[in-house]
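Trainee: Here it is: the structure, laid out below.
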Amino acid sequence: MVFLNAIAVSLLSFLFWPVMVLVRSVKKSKRPLKAQCDKVVILGLDGLSPHLVEKYWANGDLPNLKKLSEQGSYNRMKTTTPGVSPVAWSSFQTGVNPGKHGIFDFLAADRKRYLAVLSSVKTTTFMKKNFLGIKKEEVSSTLLRMSKPFWSLLGKYGVRSTVLRVPITYPPEPLDGRLLSGMCVPDLRGSQGSYTIMAPDGAEIQFTGGIGCSLRQKEKGWWAGSIPGPEGCEPVEILMRKGKNDLWEVNSGDEMIKIAPDKLSGWLTVCYRSGRTKVKGIARFRITDGPVVYCTALHVDPSSPVVPLSHPVHYSRYLAGAVGQFATLGLAEDTWALSNGHLDEKSFLDMAWAYYEERRKMFTNALTNGKDGLTVCVFDTSDRIQHMFWGDGLEPGSVIHRMYLEMDKLVGNTIDRLKKDQRLIVMSDHGFTSFHTCVDFNRWLVDNGYMVLEEGVKTVNASYHGVNWSKTKAYAMGLSGINLNMKGREGKGIVTAEEAETLMLEIKEKLLLLKDGDKDVIRSVKFARDIYSGGYIDRSPDLIPGTCSGYRADWGCVTGCVGSKSIYPNDRHWNGDHCHDSDLVKGVLFTSWKHKTAEPSIIDIAPTVLTMLGVKPPGYMDGRML
Amino acid sequence: MNTLFDLLLKPFQSHPPLWGLLWISALSGLMMILVFKKTSNQQAISALRRKMGSRALGMLLFLESPSTVLKLAFGLIIDNFIYLWHLLKPMLIITIPFIVIAAQLDARYSREPLDAGNPSTATVYWESLIPSGEMGTPEQGFLISPVVTITDSLEQSFSFVGDEGLFVFDGIGIRLGSRGPSGSIVVRGAEKSGIIQALLRPWNGSVKEGVLEVRSHIQEKHYIILGGRWGWFTVFLVFSSISAILGAVVFKVKV
């Protein structure tokens with residue numbers, strides 16, 4: 001049957017091929033510019049820092065990047081303000097400033113309810129009737145990134161694209177080609193990734209994060225634990241026992257895998273049921289003495305996706321078969337589990353490199369099968385490892401140094417696969433620096449009288465509960481934003497348009513004076529109206545403070561908490577960051593051809609690629625051709 | 001083996017033969033799928049199936065590139081052979097019980113019991129000498145044609161009908177047919193017994209002194225299902241397959 005199917009599709013392909021070539025040629029002939037090449041490959045290495053690239057070059061490392069810079073060009077690349085992935089990658093794909101695509105941070109403010117919500121995706125639940133007239137709850141996700149990604153413009157002229165794991169592409173938008181969504185793809189529970197810890201009752205384990213579940217001992221050495229799944233589904237019982245050669249057997253009912261103690265397992269399929277509907281996820285496990293079981297977030301199964309992960313929808317199924325099961329969660333590397341002590345450094349690195357390998361295979365597959373057009377792939381291993389290991393040092397032999405060497409190898413392999421007339425761009429969305437001290441902007445606002453707490457309230461633990469909005473003039477939300485409590489805009493706003501200007505200048509002046517001992521904390525404070533333009537500027541915070549290297553917005557104030565100190569040491573494993581003044585965290589840009597732009601910006605990539613492939617960049621794009 | 005099958009069929013003794021045949025078919029399908037699960041590399045099969053599905057999808061995804069489609073089609077054909085390789089070991093293991101079950105079902109369900117409405121023929125092969133004189137009269141059943149003797153090849157043939165399902169002719173050591181309950185063995189011949197013979201040809205009785213073997217042709221049985229006349233093997237294949245498919249779903253077996 002499969003054999004016949006193969007022959008039938010091959011024959012159909014040959015029959016339709018001339019028609020498709022004709023249609024594509026007609027579309028391509030309408031391109032307003034002469035194409036400079038037939039294929040462009042963009043290799044995105046999230047967070048690759050120019051400082052480290054140059055530092056390692058000085059040691060004679062990173063030969064492939066060096067060669068690329070010598071044969072083509074290398075520049076430090078201006079990132080967006082703020083220099084965070086959702087904002088920067090949105091500008092990369094649209095060629096516009098954040099005011100035109102509407103993404104200003106990981107989180108956006110629900111100004112009426114003073115709530116932090118995900119900036120790029122809106123999920124709504126509604127009732128839908130099926131053909132029998134029976135009502136059923138449906139979930140719909142909408143991409144909030146505005147403007148158009150440049151690959152959709154290429155598609156209009158018959159130029160096909162393969163887009164892999166570019167942040168802020170969930171839910172996937174239709175394009176002429178194939179797209180696999182990246183950052184912001186939720187897990188099976190609808191969150192951005194929550195792991196599960198299972199331990200026997202009474203075990204000495206601190207549930208500092210994730211979901212805690214108890215492990216029950218059963219007969220014949222079996223242990224059972226239930227992993228909660230999506231809302232409305234019964235938890236799935238996982239059975240475990242130590243078998244031959246000290247290996248743990250883990251059975252989800254659908255599949256069984258074996259794991260060596262303290263090692264991270266391969267993927268195990270976990271199937272939830274809601275009525276007659278099956279919801280399939282995949283997870284990795286790690287079992288330590290006790291036993292204490294760590295289970296990663298429940299990734300949506302790419303072979304049977306319950307939410308659209310790709311365009312066309314079967315592209316994720318194709319990839320799962322071609323390269324094996326793979327991580328689908330937007331932020332797949334479990335940084336929280338490492339921070340909370342539920343994963344050790346080795347296991348975290350095993351996980352990060354396993355995911356890197358999955359993406360490398362997908363990228364290779366795309367390079368092999370996509371003969372022309374555009375291929376984009378973003379690797380975020382570089383970002384996660386720098387976040388978690390910056391504090392361990394950057395010297396040769398360090399985790400970060402080894403990661404840079406690996407990225408260099410990836411660049412070398414990519415160059416080897418390209419033909420002479422094909423062009424390569426290697427880029428990062430931002431750089432990196434240290435994060436040793438937290439800045440609680442909400443506490444600072446309270447201390448300076450811009451935010452007022454209710455009588456008797458000293459600190460706020462969640463979502464501004466205890467804030468007296470009738471006396472509050474400003475509040476901090478997200479990684480880099482201060483909002484004024486504007487009358488008519490915020491739910492309980494008090495600041496009038498006339499007062500706003502003076503208030504912003506006052507806050508800016510005071511913030512710039514903020515010191516940690518004798519060190520400056522704030523490098524710049526920018527006003528949204530000065531740095532952004534476009535139709536979605538009203539979604540942005542009013543002030544964007546740019547912290548100095550080492551200082552970053554504290555964990556709580558991002559979601560509306562108020563701590564007891566405005567400046568305190570960051571004691572988490574997450575000790576590298578890029579949410580600082582954007583001039584401190586420029587990205588890198590390598591091109592396989594020489595260009596003369598002295599200070600390229602991330603918004604220049606879209607018009608450059610369009611021009612190279614013969615498509616005139618639309619007038620609304622802010623970037624210029626390199 | 002006969003005893004085992006007798007035991008399995010005991011609850012169906014008073015029912016029409018089809019019931020017993022369906023029961024054994026369903027049970028066999030289920031057992032075979034479980035044996036398949038135990039003896040096959042389920043993870044490899046699962047991964048291969050995913051890969052094959054992926055290649056088929058890939059051909060649709062890369063329709064614009066005939067070389068990619070060809071590459072994927074070729075890969076699919078190779079995968080097909082790998083799939084057959086994965087099936088080889090469990091199939092070889094399953095073949096053994098399959099043959100035994102098929103032999104038992106053939107012995108029990110392939111022939112009509114002997115009675116007056118179903119005349120049959122029997123041929124007796126003698127070892128060295130055909131006894132002289134008349135053959136005599138059978139103890140149960142009737143001869144309906146004269147005995148044809150071929151001296152050169154030491155054989156004697158005759159037609160007969162049974163009585164209440166049996167034809168017994170002790171004088172020459174013949175006991176054919178069965179009047180037992182549904183699913184009991186219809187004896188179709190006799191030869192020197194052995195373990196393999198007993199397993200593969202449970203329809204044979206054992207020969208008496210002087211007789212080399214006895215062969216008989218007893219009328220084939222058909223079952224009326226959905227208006228059609230089904231042979232026992234068709235019934236077995238169809239219902240054991242259905243049972244195996246259901247078993248694969250229930251026990252999550254990757255085939």
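In the structure tokens, each chain is lettered A, B, ... as it comes, each chain's residues begin at 1, and ligands are numbered from 1 in order of appearance.
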Restrict the calculation to only C-alpha atoms, then for each residue of chain B with any atom at most 10 Å from an atom of chain A give the closest atom pair and their distance in Å to one decimal, rows by chain and rising residue number, as a tab-separated table.
Mentor:
residue	atom	partner	partner_atom	distance
B:Gln42	CA	A:Glu255	CA	9.0
B:Gln43	CA	A:Glu255	CA	8.1
B:Ser46	CA	A:Glu255	CA	9.8
B:Ala47	CA	A:Gly321	CA	7.3
B:Leu48	CA	A:Gly321	CA	8.0
B:Arg49	CA	A:Gly321	CA	8.1
B:Arg50	CA	A:Gly321	CA	4.7
B:Lys51	CA	A:Gly321	CA	4.0
B:Met52	CA	A:Gly321	CA	7.2
B:Gly53	CA	A:Gly321	CA	6.9
B:Ser54	CA	A:Tyr318	CA	4.1
B:Arg55	CA	A:Tyr318	CA	6.9
B:Ala56	CA	A:Ala6	CA	6.8
B:Leu57	CA	A:Tyr318	CA	5.8
B:Gly58	CA	A:Tyr318	CA	6.0
B:Met59	CA	A:Val9	CA	6.8
B:Leu60	CA	A:Val9	CA	7.5
B:Leu61	CA	A:Tyr315	CA	7.5
B:Phe62	CA	A:Asn369	CA	7.5
B:Leu63	CA	A:Ser13	CA	5.5
B:Glu64	CA	A:Trp17	CA	6.1
B:Ser65	CA	A:Trp17	CA	7.6
B:Pro66	CA	A:Phe14	CA	6.4
B:Ser67	CA	A:Asn369	CA	9.0
B:Thr68	CA	A:Asn369	CA	6.2
B:Val69	CA	A:Ser10	CA	6.1
B:Leu70	CA	A:Ser10	CA	6.4
B:Lys71	CA	A:Ser10	CA	9.7
B:Leu72	CA	A:Ala6	CA	8.2
B:Ala73	CA	A:Ala6	CA	5.1
B:Phe74	CA	A:Ala6	CA	8.1
B:Gly75	CA	A:Ala6	CA	9.4
B:Leu76	CA	A:Ala6	CA	6.8
B:Ile77	CA	A:Phe3	CA	5.9
B:Ile78	CA	A:Phe3	CA	9.5
B:Asp79	CA	A:Val2	CA	9.5
B:Asn80	CA	A:Phe3	CA	7.3
B:Phe251	CA	A:Asp254	CA	9.0
B:Lys252	CA	A:Asp254	CA	6.5
B:Val253	CA	A:Asp254	CA	9.1
Trainee: Excluding same-chain residues fewer than 4 positions from range 212-222 of chain B, what lies within 8 Å of it counting only C-alpha atoms, as a list in words?
Mentor: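 What passes the distance filter is Tyr109, Ser110, Arg111, Glu112, Leu114, Asn118, Pro119, Ser120, Thr121, Ala122, Thr123, Val124, Tyr125, Trp126, Glu127, Ile174, Arg188, Gly189, Ala190, Glu191, Lys192, Val207, Arg229, Trp230, Gly231 and Trp232 of chain B.
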Trainee: List every residue of range 79-159 of chain B that DSSP, applied to the backbone, labels as alpha helix (DSSP H), and write the result as an NGL selection string.
Mentor: :B and (79-109)
Trainee: Write to file, as a PDB file, in the first residue's frame, the residues of the selection just made, with N, CA and C atoms.
Mentor:
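Contents of the output file selection-v7.pdb:
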ATOM      1  N   ASP B  79      12.153   1.899   3.413  1.00  0.00           N
ATOM      2  CA  ASP B  79      11.490   1.747   4.720  1.00  0.00           C
ATOM      3  C   ASP B  79      10.557   0.542   4.722  1.00  0.00           C
ATOM      4  N   ASN B  80       9.920   0.333   3.568  1.00  0.00           N
ATOM      5  CA  ASN B  80       8.997  -0.795   3.448  1.00  0.00           C
ATOM      6  C   ASN B  80       9.720  -2.123   3.695  1.00  0.00           C
ATOM      7  N   PHE B  81      10.917  -2.207   3.156  1.00  0.00           N
ATOM      8  CA  PHE B  81      11.702  -3.435   3.363  1.00  0.00           C
ATOM      9  C   PHE B  81      12.149  -3.549   4.821  1.00  0.00           C
ATOM     10  N   ILE B  82      12.507  -2.413   5.392  1.00  0.00           N
ATOM     11  CA  ILE B  82      12.910  -2.434   6.812  1.00  0.00           C
ATOM     12  C   ILE B  82      11.720  -2.876   7.668  1.00  0.00           C
ATOM     13  N   TYR B  83      10.549  -2.394   7.270  1.00  0.00           N
ATOM     14  CA  TYR B  83       9.329  -2.768   7.985  1.00  0.00           C
ATOM     15  C   TYR B  83       9.116  -4.278   7.908  1.00  0.00           C
ATOM     16  N   LEU B  84       9.304  -4.826   6.711  1.00  0.00           N
ATOM     17  CA  LEU B  84       9.145  -6.278   6.549  1.00  0.00           C
ATOM     18  C   LEU B  84      10.170  -7.023   7.404  1.00  0.00           C
ATOM     19  N   TRP B  85      11.354  -6.461   7.494  1.00  0.00           N
ATOM     20  CA  TRP B  85      12.404  -7.067   8.313  1.00  0.00           C
ATOM     21  C   TRP B  85      11.977  -7.089   9.794  1.00  0.00           C
ATOM     22  N   HIS B  86      11.371  -5.977  10.232  1.00  0.00           N
ATOM     23  CA  HIS B  86      10.881  -5.908  11.616  1.00  0.00           C
ATOM     24  C   HIS B  86       9.779  -6.941  11.865  1.00  0.00           C
ATOM     25  N   LEU B  87       9.013  -7.228  10.807  1.00  0.00           N
ATOM     26  CA  LEU B  87       7.895  -8.167  10.958  1.00  0.00           C
ATOM     27  C   LEU B  87       8.378  -9.616  10.941  1.00  0.00           C
ATOM     28  N   LEU B  88       9.567  -9.836  10.390  1.00  0.00           N
ATOM     29  CA  LEU B  88      10.022 -11.206  10.137  1.00  0.00           C
ATOM     30  C   LEU B  88      10.062 -12.064  11.400  1.00  0.00           C
ATOM     31  N   LYS B  89      10.732 -11.564  12.432  1.00  0.00           N
ATOM     32  CA  LYS B  89      10.898 -12.357  13.658  1.00  0.00           C
ATOM     33  C   LYS B  89       9.538 -12.713  14.295  1.00  0.00           C
ATOM     34  N   PRO B  90       8.691 -11.713  14.579  1.00  0.00           N
ATOM     35  CA  PRO B  90       7.398 -12.096  15.168  1.00  0.00           C
ATOM     36  C   PRO B  90       6.574 -12.996  14.257  1.00  0.00           C
ATOM     37  N   MET B  91       6.669 -12.780  12.941  1.00  0.00           N
ATOM     38  CA  MET B  91       5.881 -13.604  12.021  1.00  0.00           C
ATOM     39  C   MET B  91       6.364 -15.061  12.050  1.00  0.00           C
ATOM     40  N   LEU B  92       7.676 -15.222  12.110  1.00  0.00           N
ATOM     41  CA  LEU B  92       8.215 -16.593  12.179  1.00  0.00           C
ATOM     42  C   LEU B  92       7.762 -17.281  13.458  1.00  0.00           C
ATOM     43  N   ILE B  93       7.761 -16.522  14.536  1.00  0.00           N
ATOM     44  CA  ILE B  93       7.341 -17.105  15.823  1.00  0.00           C
ATOM     45  C   ILE B  93       5.848 -17.443  15.788  1.00  0.00           C
ATOM     46  N   ILE B  94       5.075 -16.541  15.186  1.00  0.00           N
ATOM     47  CA  ILE B  94       3.624 -16.752  15.148  1.00  0.00           C
ATOM     48  C   ILE B  94       3.263 -17.922  14.225  1.00  0.00           C
ATOM     49  N   THR B  95       4.109 -18.165  13.234  1.00  0.00           N
ATOM     50  CA  THR B  95       3.802 -19.220  12.260  1.00  0.00           C
ATOM     51  C   THR B  95       3.572 -20.579  12.933  1.00  0.00           C
ATOM     52  N   ILE B  96       4.370 -20.856  13.979  1.00  0.00           N
ATOM     53  CA  ILE B  96       4.276 -22.181  14.610  1.00  0.00           C
ATOM     54  C   ILE B  96       2.885 -22.415  15.226  1.00  0.00           C
ATOM     55  N   PRO B  97       2.447 -21.531  16.140  1.00  0.00           N
ATOM     56  CA  PRO B  97       1.086 -21.758  16.663  1.00  0.00           C
ATOM     57  C   PRO B  97       0.014 -21.646  15.581  1.00  0.00           C
ATOM     58  N   PHE B  98       0.294 -20.825  14.571  1.00  0.00           N
ATOM     59  CA  PHE B  98      -0.685 -20.653  13.499  1.00  0.00           C
ATOM     60  C   PHE B  98      -0.925 -21.991  12.789  1.00  0.00           C
ATOM     61  N   ILE B  99       0.160 -22.705  12.517  1.00  0.00           N
ATOM     62  CA  ILE B  99       0.026 -23.986  11.803  1.00  0.00           C
ATOM     63  C   ILE B  99      -0.738 -24.994  12.664  1.00  0.00           C
ATOM     64  N   VAL B 100      -0.393 -24.996  13.941  1.00  0.00           N
ATOM     65  CA  VAL B 100      -1.063 -25.944  14.852  1.00  0.00           C
ATOM     66  C   VAL B 100      -2.561 -25.636  14.941  1.00  0.00           C
ATOM     67  N   ILE B 101      -2.861 -24.334  15.079  1.00  0.00           N
ATOM     68  CA  ILE B 101      -4.274 -23.941  15.179  1.00  0.00           C
ATOM     69  C   ILE B 101      -5.003 -24.276  13.881  1.00  0.00           C
ATOM     70  N   ALA B 102      -4.344 -23.961  12.768  1.00  0.00           N
ATOM     71  CA  ALA B 102      -4.971 -24.234  11.472  1.00  0.00           C
ATOM     72  C   ALA B 102      -5.245 -25.722  11.309  1.00  0.00           C
ATOM     73  N   ALA B 103      -4.305 -26.556  11.766  1.00  0.00           N
ATOM     74  CA  ALA B 103      -4.495 -28.009  11.653  1.00  0.00           C
ATOM     75  C   ALA B 103      -5.678 -28.465  12.493  1.00  0.00           C
ATOM     76  N   GLN B 104      -5.756 -27.915  13.691  1.00  0.00           N
ATOM     77  CA  GLN B 104      -6.868 -28.284  14.579  1.00  0.00           C
ATOM     78  C   GLN B 104      -8.213 -27.859  13.973  1.00  0.00           C
ATOM     79  N   LEU B 105      -8.245 -26.633  13.452  1.00  0.00           N
ATOM     80  CA  LEU B 105      -9.503 -26.141  12.888  1.00  0.00           C
ATOM     81  C   LEU B 105      -9.863 -26.919  11.633  1.00  0.00           C
ATOM     82  N   ASP B 106      -8.842 -27.261  10.860  1.00  0.00           N
ATOM     83  CA  ASP B 106      -9.085 -28.054   9.654  1.00  0.00           C
ATOM     84  C   ASP B 106      -9.696 -29.406  10.047  1.00  0.00           C
ATOM     85  N   ALA B 107      -9.157 -29.998  11.110  1.00  0.00           N
ATOM     86  CA  ALA B 107      -9.648 -31.304  11.555  1.00  0.00           C
ATOM     87  C   ALA B 107     -11.069 -31.235  12.079  1.00  0.00           C
ATOM     88  N   ARG B 108     -11.400 -30.090  12.663  1.00  0.00           N
ATOM     89  CA  ARG B 108     -12.685 -30.017  13.348  1.00  0.00           C
ATOM     90  C   ARG B 108     -13.777 -29.343  12.513  1.00  0.00           C
ATOM     91  N   TYR B 109     -13.373 -28.417  11.636  1.00  0.00           N
ATOM     92  CA  TYR B 109     -14.403 -27.608  10.984  1.00  0.00           C
ATOM     93  C   TYR B 109     -14.423 -27.678   9.462  1.00  0.00           C
TER      94      TYR B 109
END
Trainee: I want to know what sits within 10 Å of Ala199 in chain A, based on only C-alpha atoms, with residues of the same chain fewer than 5 positions away left out; could you give that as a VMD selection string?
Mentor: chain A and resid 204 to 205 207 212 to 216 223 to 225 287 to 294
Trainee: Store the residues picked out above, limited to N, CA and C atoms, as a PDB file, in the first residue's frame.
Mentor:
ATOM      1  N   GLU A 204      11.807  14.206  51.558  1.00  0.00           N
ATOM      2  CA  GLU A 204      12.329  15.541  51.863  1.00  0.00           C
ATOM      3  C   GLU A 204      12.641  16.264  50.562  1.00  0.00           C
ATOM      4  N   ILE A 205      11.649  16.874  50.027  1.00  0.00           N
ATOM      5  CA  ILE A 205      11.845  17.611  48.779  1.00  0.00           C
ATOM      6  C   ILE A 205      11.033  18.892  48.844  1.00  0.00           C
ATOM      7  N   PHE A 207       9.003  21.728  47.149  1.00  0.00           N
ATOM      8  CA  PHE A 207       8.316  22.065  45.899  1.00  0.00           C
ATOM      9  C   PHE A 207       8.421  23.581  45.711  1.00  0.00           C
ATOM     10  N   GLY A 212       3.733  19.802  41.936  1.00  0.00           N
ATOM     11  CA  GLY A 212       4.148  18.703  42.813  1.00  0.00           C
ATOM     12  C   GLY A 212       3.099  17.605  42.843  1.00  0.00           C
ATOM     13  N   CYS A 213       3.527  16.347  42.699  1.00  0.00           N
ATOM     14  CA  CYS A 213       2.593  15.218  42.758  1.00  0.00           C
ATOM     15  C   CYS A 213       3.195  14.133  43.633  1.00  0.00           C
ATOM     16  N   SER A 214       2.331  13.351  44.253  1.00  0.00           N
ATOM     17  CA  SER A 214       2.890  12.292  45.102  1.00  0.00           C
ATOM     18  C   SER A 214       3.048  10.999  44.303  1.00  0.00           C
ATOM     19  N   LEU A 215       4.048  10.245  44.731  1.00  0.00           N
ATOM     20  CA  LEU A 215       4.377   8.981  44.071  1.00  0.00           C
ATOM     21  C   LEU A 215       3.923   7.858  45.000  1.00  0.00           C
ATOM     22  N   ARG A 216       3.130   6.942  44.484  1.00  0.00           N
ATOM     23  CA  ARG A 216       2.593   5.850  45.324  1.00  0.00           C
ATOM     24  C   ARG A 216       3.339   4.565  45.016  1.00  0.00           C
ATOM     25  N   TRP A 223       6.188   1.949  41.024  1.00  0.00           N
ATOM     26  CA  TRP A 223       5.759   3.222  41.590  1.00  0.00           C
ATOM     27  C   TRP A 223       4.784   3.844  40.595  1.00  0.00           C
ATOM     28  N   ALA A 224       3.802   4.546  41.147  1.00  0.00           N
ATOM     29  CA  ALA A 224       2.828   5.186  40.255  1.00  0.00           C
ATOM     30  C   ALA A 224       2.690   6.653  40.625  1.00  0.00           C
ATOM     31  N   GLY A 225       2.633   7.487  39.626  1.00  0.00           N
ATOM     32  CA  GLY A 225       2.413   8.918  39.841  1.00  0.00           C
ATOM     33  C   GLY A 225       1.504   9.452  38.755  1.00  0.00           C
ATOM     34  N   ILE A 287      14.958  10.451  36.796  1.00  0.00           N
ATOM     35  CA  ILE A 287      14.636   9.843  38.086  1.00  0.00           C
ATOM     36  C   ILE A 287      15.892   9.812  38.947  1.00  0.00           C
ATOM     37  N   THR A 288      15.780  10.398  40.119  1.00  0.00           N
ATOM     38  CA  THR A 288      16.903  10.366  41.061  1.00  0.00           C
ATOM     39  C   THR A 288      16.493   9.525  42.271  1.00  0.00           C
ATOM     40  N   ASP A 289      17.440   9.305  43.173  1.00  0.00           N
ATOM     41  CA  ASP A 289      17.162   8.458  44.336  1.00  0.00           C
ATOM     42  C   ASP A 289      15.958   8.965  45.107  1.00  0.00           C
ATOM     43  N   GLY A 290      15.244   8.063  45.675  1.00  0.00           N
ATOM     44  CA  GLY A 290      14.062   8.442  46.477  1.00  0.00           C
ATOM     45  C   GLY A 290      12.881   7.518  46.263  1.00  0.00           C
ATOM     46  N   PRO A 291      12.379   7.326  45.067  1.00  0.00           N
ATOM     47  CA  PRO A 291      12.728   8.037  43.840  1.00  0.00           C
ATOM     48  C   PRO A 291      12.040   9.403  43.760  1.00  0.00           C
ATOM     49  N   VAL A 292      12.745  10.341  43.172  1.00  0.00           N
ATOM     50  CA  VAL A 292      12.145  11.640  42.866  1.00  0.00           C
ATOM     51  C   VAL A 292      12.156  11.760  41.341  1.00  0.00           C
ATOM     52  N   VAL A 293      10.977  11.988  40.800  1.00  0.00           N
ATOM     53  CA  VAL A 293      10.841  12.000  39.340  1.00  0.00           C
ATOM     54  C   VAL A 293      10.605  13.429  38.850  1.00  0.00           C
ATOM     55  N   TYR A 294      11.449  13.843  37.923  1.00  0.00           N
ATOM     56  CA  TYR A 294      11.258  15.141  37.266  1.00  0.00           C
ATOM     57  C   TYR A 294      10.662  14.867  35.884  1.00  0.00           C
TER      58      TYR A 294
END
Trainee: For the atom pair CA of Ser194 in chain A and CA of Cys438 in chain A, what is the interatomic distance in Å to one decimal place?
Mentor: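 Separation of CA of Ser194 in chain A and CA of Cys438 in chain A: 23.7 Å.
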Trainee: Quick one: residues within 9 Å of Met1 in chain B, only C-alpha atoms, excluding same-chain residues fewer than 2 positions away - as a compact mmCIF listing (two decimals) with all heavy atoms, in the first residue's frame?
Mentor:
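Writing done, so here's result-v6.txt:
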# COMPACT_ATOMS: atom_id res chain seq x y z
N THR B 3 -6.75 -32.30 23.47
CA THR B 3 -7.41 -32.11 24.75
C THR B 3 -7.59 -30.62 25.03
O THR B 3 -8.64 -30.18 25.49
CB THR B 3 -6.57 -32.75 25.88
OG1 THR B 3 -6.11 -34.01 25.43
CG2 THR B 3 -7.35 -32.89 27.16
N LEU B 4 -6.53 -29.86 24.72
CA LEU B 4 -6.60 -28.41 24.95
C LEU B 4 -7.75 -27.80 24.15
O LEU B 4 -8.56 -27.03 24.68
CB LEU B 4 -5.27 -27.76 24.55
CG LEU B 4 -5.26 -26.23 24.62
CD1 LEU B 4 -5.32 -25.73 26.06
CD2 LEU B 4 -4.00 -25.67 23.95
N PHE B 5 -7.84 -28.18 22.88
CA PHE B 5 -8.90 -27.63 22.04
C PHE B 5 -10.27 -28.13 22.49
O PHE B 5 -11.25 -27.38 22.44
CB PHE B 5 -8.62 -27.93 20.57
CG PHE B 5 -7.76 -26.88 19.92
CD1 PHE B 5 -6.39 -26.85 20.14
CD2 PHE B 5 -8.33 -25.91 19.11
CE1 PHE B 5 -5.61 -25.88 19.57
CE2 PHE B 5 -7.54 -24.93 18.53
CZ PHE B 5 -6.17 -24.91 18.76
N ASP B 6 -10.32 -29.38 22.91
CA ASP B 6 -11.60 -29.90 23.43
C ASP B 6 -12.07 -29.05 24.60
O ASP B 6 -13.25 -28.72 24.73
CB ASP B 6 -11.44 -31.35 23.88
CG ASP B 6 -11.31 -32.29 22.69
OD1 ASP B 6 -11.65 -31.85 21.56
OD2 ASP B 6 -10.86 -33.43 22.86
N VAL B 100 -0.39 -25.00 13.94
CA VAL B 100 -1.06 -25.94 14.85
C VAL B 100 -2.56 -25.64 14.94
O VAL B 100 -3.41 -26.53 14.84
CB VAL B 100 -0.39 -25.89 16.25
CG1 VAL B 100 -1.17 -26.74 17.24
CG2 VAL B 100 1.05 -26.35 16.15
N GLN B 104 -5.76 -27.92 13.69
CA GLN B 104 -6.87 -28.28 14.58
C GLN B 104 -8.21 -27.86 13.97
O GLN B 104 -9.18 -28.62 13.97
CB GLN B 104 -6.70 -27.60 15.95
CG GLN B 104 -5.73 -28.31 16.87
CD GLN B 104 -6.30 -29.61 17.42
OE1 GLN B 104 -7.52 -29.78 17.54
NE2 GLN B 104 -5.41 -30.56 17.72
N ALA B 198 0.70 -35.92 14.63
CA ALA B 198 -0.45 -35.64 15.50
C ALA B 198 -0.73 -34.15 15.56
O ALA B 198 -1.87 -33.72 15.64
CB ALA B 198 -0.17 -36.19 16.89
N LEU B 199 0.37 -33.34 15.51
CA LEU B 199 0.18 -31.89 15.58
C LEU B 199 -0.34 -31.31 14.27
O LEU B 199 -1.22 -30.46 14.25
CB LEU B 199 1.52 -31.20 15.90
CG LEU B 199 1.91 -31.13 17.37
CD1 LEU B 199 3.30 -30.52 17.51
CD2 LEU B 199 0.92 -30.29 18.17
N PRO B 202 -4.16 -33.71 12.81
CA PRO B 202 -4.94 -34.33 13.89
C PRO B 202 -6.19 -35.07 13.38
O PRO B 202 -6.89 -35.67 14.17
CB PRO B 202 -5.31 -33.13 14.78
CG PRO B 202 -5.18 -31.94 13.92
CD PRO B 202 -4.18 -32.26 12.86
Trainee: What's the 12 Å shell around Gly133 in chain B, counting only C-alpha atoms, without same-chain residues fewer than 2 positions away, as a count of residues only?
Mentor: 6
Trainee: What separation in Å, quoted to one decimal, exists between CA of Leu298 in chain A and CA of Val270 in chain A?
Mentor: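 According to the coordinates, CA of Leu298 in chain A and CA of Val270 in chain A are separated by 8.2 Å.
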Trainee: Just list the residues in range 422-574 of chain A DSSP gives strand (DSSP E or B) on the backbone, as a ChimeraX atom specification.
Mentor: /A:423-427,433-439,453,460,467,474-476,482-484,486,495,515-516,519-520,522-527,543-547,550-553,562,567-569
Trainee: Smallest atom-to-atom distance to Pro261 in chain A: which of A:Trp390, A:Lys278, A:Met240, A:Ser463, using only C-alpha atoms?
Mentor: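 Looking at the shortest contact to Pro261 in chain A, the residue is A:Met240.
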Trainee: Can you tell me which residues surround Lys122 in chain A at a distance of at most 10 Å, considering only C-alpha atoms, apart from same-chain residues fewer than 5 positions away, and format the answer as a list in words?
Mentor: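 The residues that qualify are Val117, Ser140, Ser141, Thr142, Leu143, Leu144 and Pro171 of chain A.
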Trainee: Please, could you write that set of residues out with C-alpha atoms as an mmCIF file, in the first residue's frame?
Mentor:
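The new file selection03.cif reads:
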data_model
loop_
_atom_site.group_PDB
_atom_site.id
_atom_site.type_symbol
_atom_site.label_atom_id
_atom_site.label_comp_id
_atom_site.auth_asym_id
_atom_site.auth_seq_id
_atom_site.Cartn_x
_atom_site.Cartn_y
_atom_site.Cartn_z
ATOM 1 C CA VAL A 117 -0.717 39.253 29.763
ATOM 2 C CA SER A 140 -8.635 29.734 19.584
ATOM 3 C CA SER A 141 -5.290 31.524 19.614
ATOM 4 C CA THR A 142 -4.583 34.764 17.788
ATOM 5 C CA LEU A 143 -1.176 36.142 16.966
ATOM 6 C CA LEU A 144 -0.972 39.714 18.248
ATOM 7 C CA PRO A 171 -0.060 30.532 15.926
#
